[in-house]
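Reproduced below: run_17.cif, with mmCIF, C-alpha atoms.
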```cif
data_final
#
loop_
_atom_site.label_atom_id
_atom_site.label_comp_id
_atom_site.auth_asym_id
_atom_site.auth_seq_id
_atom_site.Cartn_x
_atom_site.Cartn_y
_atom_site.Cartn_z
CA MET A 1 96.84 91.36 82.54
CA GLU A 2 95.59 89.60 79.40
CA GLU A 3 93.52 92.65 78.40
CA ALA A 4 96.47 94.99 79.04
CA ASN A 5 98.74 92.88 76.82
CA ARG A 6 96.22 92.37 74.02
CA PRO A 7 97.61 93.82 70.75
CA LEU A 8 95.81 96.83 69.36
CA GLY A 9 93.35 96.30 66.54
CA GLU A 10 93.40 98.05 63.16
CA GLY A 11 91.08 100.81 64.36
CA ASP A 12 93.25 101.39 67.41
CA LEU A 13 96.41 101.52 65.31
CA ALA A 14 94.81 104.20 63.16
CA ALA A 15 94.00 106.12 66.35
CA VAL A 16 97.64 105.83 67.42
CA GLN A 17 98.67 107.30 64.09
CA LYS A 18 96.12 110.08 64.57
CA LEU A 19 97.47 110.87 68.04
CA LYS A 20 101.02 111.04 66.72
CA ASN A 21 99.94 113.38 63.92
CA ALA A 22 97.98 115.48 66.43
CA TYR A 23 101.02 115.62 68.70
CA ASP A 24 103.22 116.83 65.84
CA SER A 25 100.62 119.46 64.95
CA MET A 26 100.34 120.63 68.56
CA ARG A 27 104.09 120.93 68.89
CA ALA A 28 104.18 123.00 65.71
CA GLU A 29 101.35 125.27 66.90
CA LEU A 30 102.79 125.71 70.40
CA SER A 31 106.22 126.59 68.97
CA ARG A 32 104.61 129.66 67.40
CA ALA A 33 103.81 131.04 70.88
CA ILE A 34 106.38 129.27 73.09
CA VAL A 35 110.12 129.40 72.41
CA GLY A 36 112.06 126.38 73.64
CA GLN A 37 110.80 124.40 76.67
CA GLU A 38 110.31 121.35 74.43
CA LYS A 39 110.76 118.86 77.27
CA VAL A 40 108.24 120.73 79.43
CA LEU A 41 105.66 120.75 76.62
CA GLU A 42 106.21 117.04 76.00
CA GLN A 43 105.66 116.24 79.67
CA LEU A 44 102.51 118.37 79.77
CA LEU A 45 101.07 116.52 76.78
CA ILE A 46 102.04 113.14 78.22
CA SER A 47 100.19 113.94 81.44
CA ILE A 48 97.10 115.16 79.59
CA PHE A 49 96.79 111.99 77.52
CA SER A 50 97.44 109.97 80.69
CA LYS A 51 94.57 111.71 82.56
CA GLY A 52 97.07 113.15 85.02
CA HIS A 53 97.64 116.48 86.73
CA CYS A 54 100.89 118.47 86.81
CA ILE A 55 102.67 120.89 89.08
CA LEU A 56 105.18 123.22 87.41
CA ILE A 57 108.08 124.57 89.44
CA GLY A 58 109.91 127.61 88.11
CA VAL A 59 110.84 131.19 88.86
CA PRO A 60 108.54 133.99 87.63
CA GLY A 61 108.70 135.00 83.98
CA LEU A 62 109.32 131.60 82.38
CA ALA A 63 105.98 131.53 80.49
CA LYS A 64 104.34 128.88 82.67
CA THR A 65 100.94 130.57 82.41
CA LEU A 66 101.34 131.17 78.67
CA MET A 67 102.20 127.50 78.11
CA VAL A 68 99.06 126.30 79.88
CA ARG A 69 96.79 128.82 78.14
CA SER A 70 98.29 128.02 74.71
CA LEU A 71 97.89 124.31 75.34
CA ALA A 72 94.20 124.78 76.14
CA GLN A 73 93.76 126.72 72.89
CA THR A 74 95.29 124.00 70.71
CA LEU A 75 93.15 121.36 72.41
CA SER A 76 89.93 123.35 72.01
CA LEU A 77 89.18 123.13 75.74
CA SER A 78 87.71 125.60 78.21
CA PHE A 79 90.33 127.31 80.36
CA ASN A 80 90.20 129.10 83.71
CA ARG A 81 92.91 130.57 85.86
CA ILE A 82 92.84 130.93 89.65
CA GLN A 83 95.39 133.22 91.28
CA PHE A 84 95.91 131.68 94.71
CA THR A 85 96.19 134.14 97.62
CA PRO A 86 96.21 133.74 101.43
CA ASP A 87 92.59 134.98 101.70
CA LEU A 88 91.17 132.67 99.01
CA MET A 89 88.29 130.54 100.32
CA PRO A 90 87.22 127.07 99.08
CA SER A 91 83.93 128.55 97.77
CA ASP A 92 85.95 130.96 95.62
CA ILE A 93 87.13 127.89 93.71
CA THR A 94 84.21 125.49 93.80
CA GLY A 95 81.31 127.94 93.75
CA THR A 96 78.54 128.70 96.24
CA ASP A 97 74.76 128.79 96.77
CA VAL A 98 73.18 132.24 96.47
CA ILE A 99 69.62 133.46 96.93
CA GLN A 100 67.96 134.40 93.65
CA GLU A 101 64.49 135.72 92.95
CA ASP A 102 62.34 134.12 90.27
CA GLN A 103 61.21 136.98 88.01
CA ALA A 104 58.01 135.14 87.04
CA THR A 105 56.75 134.11 90.50
CA GLY A 106 58.62 136.49 92.77
CA GLN A 107 59.70 133.58 94.95
CA ARG A 108 63.21 133.29 96.26
CA CYS A 109 65.27 130.13 96.01
CA MET A 110 68.82 128.94 96.43
CA GLN A 111 70.79 128.58 93.22
CA TYR A 112 74.27 127.13 92.86
CA ILE A 113 76.71 129.41 91.05
CA LYS A 114 79.60 127.40 89.65
CA GLY A 115 83.14 128.47 90.45
CA PRO A 116 86.16 128.64 88.14
CA ILE A 117 87.01 124.99 88.81
CA PHE A 118 84.33 124.06 86.26
CA ALA A 119 86.66 124.10 83.26
CA ASN A 120 88.56 121.48 81.26
CA VAL A 121 91.95 123.04 81.97
CA LEU A 122 92.46 124.80 85.30
CA LEU A 123 95.60 126.80 86.01
CA ALA A 124 96.18 126.95 89.77
CA ASP A 125 98.70 129.77 89.88
CA GLU A 126 101.01 129.75 92.92
CA ILE A 127 99.08 127.00 94.66
CA ASN A 128 101.36 127.20 97.71
CA ARG A 129 100.12 130.72 98.54
CA THR A 130 96.70 129.62 99.78
CA PRO A 131 95.83 127.90 103.10
CA PRO A 132 95.50 124.09 103.34
CA LYS A 133 91.68 124.20 103.48
CA THR A 134 91.48 125.81 100.04
CA GLN A 135 94.20 123.53 98.67
CA ALA A 136 92.21 120.53 99.90
CA ALA A 137 89.08 121.69 98.04
CA LEU A 138 91.04 121.70 94.79
CA LEU A 139 92.75 118.38 95.45
CA GLU A 140 89.41 116.70 96.22
CA ALA A 141 88.15 117.76 92.80
CA MET A 142 91.35 116.43 91.20
CA GLN A 143 90.88 113.01 92.75
CA GLU A 144 87.10 112.57 92.68
CA LEU A 145 86.29 114.69 89.58
CA GLN A 146 83.42 116.23 91.50
CA VAL A 147 82.64 119.19 93.77
CA THR A 148 80.55 119.12 96.95
CA ALA A 149 78.66 122.31 97.82
CA GLY A 150 75.64 122.73 100.07
CA GLY A 151 75.46 118.99 100.62
CA LYS A 152 75.13 118.30 96.89
CA LYS A 153 77.66 116.80 94.50
CA TYR A 154 78.37 118.35 91.11
CA THR A 155 80.30 116.35 88.52
CA LEU A 156 83.11 118.07 86.65
CA GLU A 157 83.10 117.87 82.87
CA GLN A 158 85.82 115.65 81.47
CA PRO A 159 88.55 115.89 80.43
CA PHE A 160 89.68 117.76 83.54
CA PHE A 161 93.29 118.77 84.16
CA VAL A 162 94.80 120.81 86.96
CA LEU A 163 98.09 122.44 86.07
CA ALA A 164 99.45 124.11 89.20
CA THR A 165 102.48 126.39 89.50
CA GLN A 166 104.86 127.10 92.35
CA ASN A 167 107.57 129.71 92.83
CA PRO A 168 110.62 127.95 94.33
CA ILE A 169 112.50 131.05 95.50
CA GLU A 170 110.00 133.04 97.61
CA GLN A 171 108.76 130.90 100.48
CA GLU A 172 107.74 133.56 103.03
CA GLY A 173 104.02 133.53 103.69
CA THR A 174 103.43 130.30 101.77
CA TYR A 175 101.71 127.02 102.64
CA PRO A 176 103.77 124.24 101.01
CA LEU A 177 101.76 121.26 99.83
CA PRO A 178 102.17 118.21 102.09
CA GLU A 179 103.75 115.14 100.51
CA ALA A 180 100.41 113.29 100.56
CA GLN A 181 98.84 116.07 98.48
CA LEU A 182 101.82 116.36 96.14
CA ASP A 183 101.37 112.65 95.44
CA ARG A 184 98.09 113.50 93.68
CA PHE A 185 100.04 115.16 90.90
CA MET A 186 101.29 112.81 88.21
CA PHE A 187 104.25 114.99 87.17
CA ASN A 188 106.46 117.51 88.93
CA ILE A 189 107.84 119.52 86.01
CA MET A 190 110.89 121.76 86.38
CA VAL A 191 110.78 124.84 84.14
CA GLU A 192 114.34 126.02 83.50
CA TYR A 193 115.79 129.27 82.18
CA PRO A 194 115.97 129.53 78.35
CA SER A 195 119.26 129.42 76.49
CA GLU A 196 120.76 132.64 75.15
CA GLN A 197 119.45 132.01 71.62
CA GLU A 198 116.01 131.06 72.95
CA GLU A 199 115.88 134.25 75.02
CA LEU A 200 116.76 136.27 71.92
CA ASP A 201 113.92 134.59 70.03
CA ILE A 202 111.57 135.30 72.95
CA MET A 203 112.43 138.98 72.80
CA LYS A 204 111.69 139.09 69.07
CA LEU A 205 108.37 137.32 69.59
CA THR A 206 107.09 139.20 72.65
CA THR A 207 108.13 142.72 71.64
CA SER A 208 106.39 142.62 68.25
CA PRO A 209 102.92 144.12 67.67
CA PHE A 210 101.40 140.84 66.47
CA ASP A 211 98.88 138.91 68.57
CA MET A 212 99.42 135.17 68.14
CA ILE A 213 96.26 133.12 67.53
CA LEU A 214 96.74 129.35 67.67
CA ASN A 215 94.80 126.84 65.60
CA LYS A 216 92.75 124.14 67.30
CA VAL A 217 94.06 120.61 66.79
CA LEU A 218 91.85 118.29 68.86
CA ASN A 219 88.40 118.63 70.39
CA ARG A 220 87.06 117.27 73.68
CA GLU A 221 85.65 114.00 72.30
CA GLU A 222 88.83 113.19 70.37
CA ILE A 223 90.98 113.77 73.46
CA MET A 224 88.87 111.42 75.60
CA HIS A 225 88.98 108.73 72.92
CA LEU A 226 92.76 109.00 72.61
CA GLN A 227 93.12 108.81 76.39
CA ASP A 228 91.40 105.43 76.27
CA ILE A 229 93.69 104.28 73.47
CA VAL A 230 96.79 105.19 75.50
CA ARG A 231 95.72 102.93 78.37
CA ARG A 232 95.25 100.00 75.99
CA VAL A 233 98.79 100.14 74.64
CA PRO A 234 100.40 96.78 75.47
CA ILE A 235 103.44 96.62 77.73
CA ALA A 236 105.80 93.68 78.23
CA ASP A 237 106.20 92.25 81.72
CA VAL A 238 109.92 93.04 81.70
CA VAL A 239 109.20 96.75 81.14
CA MET A 240 106.51 96.79 83.81
CA LYS A 241 108.87 95.00 86.19
CA TYR A 242 111.53 97.66 85.50
CA ALA A 243 109.12 100.46 86.46
CA ILE A 244 108.08 98.70 89.67
CA THR A 245 111.71 97.97 90.60
CA LEU A 246 112.65 101.60 90.05
CA ALA A 247 109.94 102.79 92.44
CA ARG A 248 110.42 100.08 95.07
CA GLN A 249 114.13 100.80 95.40
CA THR A 250 113.28 104.18 96.96
CA ARG A 251 111.38 102.68 99.92
CA VAL A 252 113.80 102.69 102.82
CA HIS A 253 111.17 101.57 105.35
CA ALA A 254 109.89 98.60 103.35
CA GLU A 255 111.30 95.10 103.39
CA GLU A 256 113.09 95.61 100.10
CA LYS A 257 116.62 95.33 98.77
CA VAL A 258 117.38 99.04 98.84
CA PRO A 259 120.69 100.50 97.58
CA GLU A 260 122.99 101.87 100.27
CA PHE A 261 122.91 105.42 98.89
CA VAL A 262 119.11 105.40 99.20
CA LYS A 263 119.35 104.33 102.85
CA GLU A 264 121.87 107.11 103.41
CA TRP A 265 119.95 109.95 101.71
CA VAL A 266 116.21 109.14 101.67
CA SER A 267 113.67 109.50 104.48
CA TRP A 268 110.62 108.30 102.53
CA GLY A 269 110.26 106.83 99.08
CA ALA A 270 107.65 106.60 96.34
CA GLY A 271 104.42 104.67 96.83
CA PRO A 272 102.45 102.45 94.42
CA ARG A 273 100.96 105.49 92.66
CA ALA A 274 104.47 106.23 91.35
CA SER A 275 104.62 102.81 89.65
CA GLN A 276 101.22 103.41 88.07
CA TYR A 277 102.25 106.81 86.71
CA LEU A 278 105.57 105.47 85.42
CA ILE A 279 103.72 102.87 83.36
CA ILE A 280 100.85 105.02 82.06
CA GLY A 281 103.23 107.92 81.35
CA ALA A 282 105.52 105.62 79.41
CA LYS A 283 102.54 104.35 77.40
CA ALA A 284 101.54 107.90 76.49
CA ARG A 285 105.10 108.79 75.50
CA ALA A 286 105.36 105.71 73.28
CA VAL A 287 102.13 106.56 71.46
CA LEU A 288 103.08 110.22 71.05
CA GLN A 289 106.25 109.04 69.35
CA GLY A 290 104.28 106.74 67.05
CA ARG A 291 105.03 103.36 68.64
CA TYR A 292 102.60 100.58 69.52
CA TYR A 293 104.69 99.30 72.43
CA VAL A 294 106.46 100.60 75.54
CA SER A 295 110.22 100.43 76.02
CA ILE A 296 112.42 100.83 79.09
CA ASP A 297 113.61 104.12 77.59
CA ASP A 298 110.02 105.40 77.92
CA ILE A 299 110.05 104.54 81.62
CA ARG A 300 113.37 106.32 82.05
CA ALA A 301 112.09 109.40 80.20
CA VAL A 302 109.24 109.93 82.69
CA ALA A 303 111.13 108.80 85.81
CA HIS A 304 112.27 112.26 86.92
CA PRO A 305 108.92 114.10 86.75
CA VAL A 306 107.13 111.14 88.35
CA LEU A 307 109.58 110.44 91.18
CA ARG A 308 111.22 113.75 92.11
CA HIS A 309 108.34 114.92 94.34
CA ARG A 310 107.82 111.46 95.83
CA ILE A 311 111.36 111.04 97.17
CA ILE A 312 111.85 112.83 100.50
CA THR A 313 115.52 113.40 101.27
CA ASN A 314 116.95 113.53 104.79
CA PHE A 315 119.36 115.88 106.54
CA SER A 316 122.44 114.02 105.26
CA ALA A 317 121.35 114.52 101.65
CA GLU A 318 120.68 118.22 102.22
CA ALA A 319 124.06 118.67 103.90
CA GLU A 320 125.82 117.03 100.94
CA GLY A 321 123.78 118.87 98.33
CA VAL A 322 122.10 115.68 97.08
CA THR A 323 118.76 116.32 95.36
CA PRO A 324 116.01 113.84 94.41
CA ASN A 325 117.08 114.27 90.77
CA LYS A 326 120.58 112.99 91.59
CA ILE A 327 119.13 110.02 93.44
CA ILE A 328 116.92 109.19 90.45
CA ASP A 329 119.96 109.42 88.15
CA LYS A 330 121.80 106.87 90.29
CA LEU A 331 118.76 104.58 90.45
CA ILE A 332 118.45 104.59 86.66
CA GLU A 333 122.17 103.85 86.41
CA ILE A 334 122.09 100.80 88.72
CA THR A 335 118.66 99.31 87.94
CA PRO A 336 119.09 96.26 85.68
CA THR A 337 117.30 96.21 82.34
CA SER A 338 117.79 92.62 81.19
CA GLU A 339 114.98 90.09 81.29
CA SER A 340 117.10 87.57 83.21
CA GLU A 341 117.68 89.99 86.07
CA LEU A 342 114.23 91.59 86.23
CA VAL A 343 111.83 88.78 85.37
CA LYS A 344 113.13 85.34 86.21
CA ASP A 345 111.40 82.28 84.76
CA GLU A 346 108.57 84.36 83.34
CA LYS A 347 107.37 84.08 79.75
CA LEU A 348 106.86 87.52 78.27
CA PRO A 349 103.98 88.24 75.88
CA ASP A 350 104.81 89.01 72.28
CA VAL A 351 103.59 92.59 72.08
CA ILE A 352 106.33 94.26 70.05
CA GLN A 353 104.96 95.63 66.80
CA PRO A 354 106.50 97.78 64.08
CA SER A 355 106.55 101.49 64.77
CA ILE A 356 104.54 103.90 62.67
CA LYS A 357 106.43 105.09 59.65
CA GLU A 358 106.86 108.83 59.35
#
```
Output the file's structure as structure tokens, nothing else.
Amino acid sequence: MEEANRPLGEGDLAAVQKLKNAYDSMRAELSRAIVGQEKVLEQLLISIFSKGHCILIGVPGLAKTLMVRSLAQTLSLSFNRIQFTPDLMPSDITGTDVIQEDQATGQRCMQYIKGPIFANVLLADEINRTPPKTQAALLEAMQELQVTAGGKKYTLEQPFFVLATQNPIEQEGTYPLPEAQLDRFMFNIMVEYPSEQEELDIMKLTTSPFDMILNKVLNREEIMHLQDIVRRVPIADVVMKYAITLARQTRVHAEEKVPEFVKEWVSWGAGPRASQYLIIGAKARAVLQGRYYVSIDDIRAVAHPVLRHRIITNFSAEAEGVTPNKIIDKLIEITPTSESELVKDEKLPDVIQPSIKE
């Protein structure tokens, strides 16, 4: 706790300034290829600098693939795309051993051919269209950052991000991810339809003869360094307590003081991983906005993408049209924010520092 609350040094503060400048540059570059979707892009960048993975939910044609590919270009990272299908095998993702002949000696030997998972940014397109065995191979790599093939382990190059997509409207012939596997994703990001003006701008951009080439903003080493800086951003106990309270209030089966509407509408709530992601996501958001400290507003800003796939509603909620998003809205509304209500008789560390000037 003392290390987490230790104020950043001068070198770290310069790195925070650099990350904010890089974030502004990335937003400017991405806006050249992507119209609108500012909240989605912000959440993607927060997850990347938090070392998290994302699943994007949206109907076809909302530029989910283009967003991921453009993001990889601005970050100067290797990018691979896997189109998930019902006949896709785990070896199609992770790679396989093949027999190769040595041209010099004429001897044959087994050689491991790496699969498309060996990339910094992996787009798992329509992840719910492949069987659970293949999904599990990908999720193991997400958690362990390694691949097992032929009894040997192969380490994935960092940084490593999986950005998966799902189509919410066509469920026939799909294999929905179980809740335990969904929990591996830091964010569940909803990609909405563009506004009328945004759609007009999209038409102008996509029907022109010009091929957009994006400039690179950060390289691999800089990204990994900035990821470490994000985790060292100090956070006051009252803010951490708010994040934990928000997650614990969803647990209907725990010995907690749970709101009545949660008992009425929720079957299962968020686990401890949700609290971790609320805090680290809020740290990343604070730094991206040029602040050296985390506020309760940062926790609230990442609450929906962190919690919406970790709250399992029951039949009563479905019958009344209550979604996890509505439950999160009510939790944010009723969860106290004052120090006296959240942290009683606790002395909070002095970690508030001036924000970076524009």
Q | Separation of atom CA of A:Ala301 from atom CA of A:Phe315, in Å and rounded to one decimal | A | 28.1 Å
Report the closest atom pair, with its distance in Å rounded to one decimal, for each residue of stretch 228-293 of chain A that has an atom no farther than 12 Å from stretch 37-59 of chain A; count all atoms listed in the file, sort by chain and then rising residue number, and write it as CSV.
```
residue,atom,partner,partner_atom,distance
A:Asp228,CA,A:Phe49,CA,8.6
A:Ile229,CA,A:Phe49,CA,9.2
A:Val230,CA,A:Ser50,CA,7.1
A:Arg231,CA,A:Ser50,CA,7.6
A:Arg232,CA,A:Ser50,CA,11.2
A:Val233,CA,A:Ser50,CA,11.6
A:Arg273,CA,A:Gly52,CA,11.5
A:Ala274,CA,A:Gly52,CA,11.9
A:Gln276,CA,A:Ser50,CA,10.6
A:Tyr277,CA,A:Ser50,CA,8.3
A:Leu278,CA,A:Ser50,CA,10.4
A:Ile279,CA,A:Ser50,CA,9.8
A:Ile280,CA,A:Ser50,CA,6.2
A:Gly281,CA,A:Ser50,CA,6.2
A:Ala282,CA,A:Ile46,CA,8.4
A:Lys283,CA,A:Ser50,CA,8.3
A:Ala284,CA,A:Ile46,CA,5.5
A:Arg285,CA,A:Ile46,CA,6.0
A:Ala286,CA,A:Ile46,CA,9.5
A:Val287,CA,A:Ile46,CA,9.4
A:Leu288,CA,A:Ile46,CA,7.8
A:Gln289,CA,A:Glu42,CA,10.4
```
Q. Taking into account all atoms listed in the file, which residue in the set A:Leu214, A:Ile334, A:Ile127, A:Met142 is nearest to A:Met67?
A.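 Nearest to A:Met67: A:Leu214.
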Q: Return the single residue from A:Tyr112, A:Phe261, A:Leu62, A:Asp92 that is closest to A:Gln166, with distances computed using all atoms listed in the file.
A: A:Leu62
**Q.** Given the PyMOL selection byres ((chain A and resi 88) around 12), the residues it picks as a list in words
**A.**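 Those residues are Ile82, Gln83, Phe84, Thr85, Pro86, Asp87, Met89, Pro90, Ser91, Asp92, Ile93, Thr94, Ala124, Glu126, Ile127, Asn128, Arg129, Thr130, Pro131, Pro132, Lys133, Thr134, Gln135, Ala137 and Leu138 of chain A.
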**Q.** Residues within 10 Å of A:Ala63, all atoms listed in the file, excluding chain neighbours under 6 positions, as a list of chain:residue names
**A.**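 The residues that qualify are A:Ala33, A:Ile34, A:Val35, A:Gln37, A:Arg69, A:Val191.
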Selection from above, C-alpha atoms, as a PDB file, keeping the file's coordinate frame, can you write it?
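Printed below is result.pdb as written:
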```
ATOM      1  CA  ALA A  33     103.810 131.040  70.880  1.00  0.00           C
ATOM      2  CA  ILE A  34     106.380 129.270  73.090  1.00  0.00           C
ATOM      3  CA  VAL A  35     110.120 129.400  72.410  1.00  0.00           C
ATOM      4  CA  GLN A  37     110.800 124.400  76.670  1.00  0.00           C
ATOM      5  CA  ARG A  69      96.790 128.820  78.140  1.00  0.00           C
ATOM      6  CA  VAL A 191     110.780 124.840  84.140  1.00  0.00           C
TER       7      VAL A 191
END
```
Q: Compare A:Leu246, A:Val239, A:Ala15, A:Leu218 by their minimum atom-to-atom distance to A:Ser295, counting all atoms listed in the file, and give me the closest one.
A: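 The closest residue to A:Ser295 is A:Val239.
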Using only C-alpha atoms, what does the table of stretch 43-151 of chain A residues within 6 Å of stretch 157-162 of chain A look like, with each row giving the shortest atom pair and its distance in Å to one decimal, sorted by chain and ascending number, as a Markdown table?
```
| residue | atom | partner | partner_atom | distance |
| --- | --- | --- | --- | --- |
| A:His53 | CA | A:Val162 | CA | 5.2 |
| A:Asn120 | CA | A:Phe160 | CA | 4.5 |
| A:Val121 | CA | A:Phe161 | CA | 5.0 |
| A:Leu122 | CA | A:Val162 | CA | 4.9 |
```
Convert the output of the PyMOL selection byres ((chain A and resi 318-332) around 9) on the shown file into explicit residues, formatted as a PDB file with C-alpha atoms, in the frame of the given file.
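Once everything was written out, this is part13.pdb:
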```pdb
ATOM      1  CA  LEU A 246     112.650 101.600  90.050  1.00  0.00           C
ATOM      2  CA  GLN A 249     114.130 100.800  95.400  1.00  0.00           C
ATOM      3  CA  THR A 250     113.280 104.180  96.960  1.00  0.00           C
ATOM      4  CA  PRO A 259     120.690 100.500  97.580  1.00  0.00           C
ATOM      5  CA  PHE A 261     122.910 105.420  98.890  1.00  0.00           C
ATOM      6  CA  VAL A 262     119.110 105.400  99.200  1.00  0.00           C
ATOM      7  CA  TRP A 265     119.950 109.950 101.710  1.00  0.00           C
ATOM      8  CA  VAL A 266     116.210 109.140 101.670  1.00  0.00           C
ATOM      9  CA  ARG A 300     113.370 106.320  82.050  1.00  0.00           C
ATOM     10  CA  ALA A 303     111.130 108.800  85.810  1.00  0.00           C
ATOM     11  CA  HIS A 304     112.270 112.260  86.920  1.00  0.00           C
ATOM     12  CA  LEU A 307     109.580 110.440  91.180  1.00  0.00           C
ATOM     13  CA  ARG A 308     111.220 113.750  92.110  1.00  0.00           C
ATOM     14  CA  HIS A 309     108.340 114.920  94.340  1.00  0.00           C
ATOM     15  CA  ARG A 310     107.820 111.460  95.830  1.00  0.00           C
ATOM     16  CA  ILE A 311     111.360 111.040  97.170  1.00  0.00           C
ATOM     17  CA  ILE A 312     111.850 112.830 100.500  1.00  0.00           C
ATOM     18  CA  THR A 313     115.520 113.400 101.270  1.00  0.00           C
ATOM     19  CA  ASN A 314     116.950 113.530 104.790  1.00  0.00           C
ATOM     20  CA  PHE A 315     119.360 115.880 106.540  1.00  0.00           C
ATOM     21  CA  SER A 316     122.440 114.020 105.260  1.00  0.00           C
ATOM     22  CA  ALA A 317     121.350 114.520 101.650  1.00  0.00           C
ATOM     23  CA  GLU A 333     122.170 103.850  86.410  1.00  0.00           C
ATOM     24  CA  ILE A 334     122.090 100.800  88.720  1.00  0.00           C
ATOM     25  CA  THR A 335     118.660  99.310  87.940  1.00  0.00           C
ATOM     26  CA  PRO A 336     119.090  96.260  85.680  1.00  0.00           C
TER      27      PRO A 336
END
```
Q | Closest of A:Gly150, A:Leu71, A:Phe185, A:Ala141 to A:Ala28 - atom-to-atom distances counting only C-alpha atoms | A |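 The shortest atom-to-atom distance to A:Ala28 comes from A:Leu71.
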Q) Pick the closest to A:Lys114 from A:Gln146, A:Thr96, A:Asn80, A:Asn21: which is it, counting all atoms listed in the file? A)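 Ranking A:Gln146, A:Thr96, A:Asn80, A:Asn21 by distance to A:Lys114, first place goes to A:Thr96.
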Q.
Can you measure atom CA of A:Gln143 to atom CA of A:Ser78 for me? One decimal in Å is fine.
A.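 Separation of atom CA of A:Gln143 and atom CA of A:Ser78: 19.5 Å.
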Q: Check the smallest atom-to-atom distance from each of A:Pro272, A:Gly151, A:Gly61, A:Gly95 to A:Arg251 using all atoms listed in the file, then report the winner.
A: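 Among A:Pro272, A:Gly151, A:Gly61, A:Gly95, it is A:Pro272 that comes nearest to A:Arg251.
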Which residues fall under the PyMOL selection byres ((chain A and resi 220) around 8) in this file, as a PDB file with C-alpha atoms, in the frame of the given file?
```pdb
ATOM      1  CA  LEU A  75      93.150 121.360  72.410  1.00  0.00           C
ATOM      2  CA  SER A  76      89.930 123.350  72.010  1.00  0.00           C
ATOM      3  CA  LEU A  77      89.180 123.130  75.740  1.00  0.00           C
ATOM      4  CA  PRO A 159      88.550 115.890  80.430  1.00  0.00           C
ATOM      5  CA  LEU A 218      91.850 118.290  68.860  1.00  0.00           C
ATOM      6  CA  ASN A 219      88.400 118.630  70.390  1.00  0.00           C
ATOM      7  CA  GLU A 221      85.650 114.000  72.300  1.00  0.00           C
ATOM      8  CA  GLU A 222      88.830 113.190  70.370  1.00  0.00           C
ATOM      9  CA  ILE A 223      90.980 113.770  73.460  1.00  0.00           C
ATOM     10  CA  MET A 224      88.870 111.420  75.600  1.00  0.00           C
TER      11      MET A 224
END
```
Q) atom CA of A:Ala180 and atom CA of A:Val258, how far apart in Å? A)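 Distance between the two atoms: 22.2 Å.
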Q.
Can you tell me which residues surround A:Gln100 at a distance of at most 8 Å, considering all atoms listed in the file, apart from same-chain residues fewer than 2 positions away, and format the answer as a list in words?
A.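 Result of the neighbour search: Val98, Asp102, Arg108, Cys109, Met110 and Gln111 of chain A.
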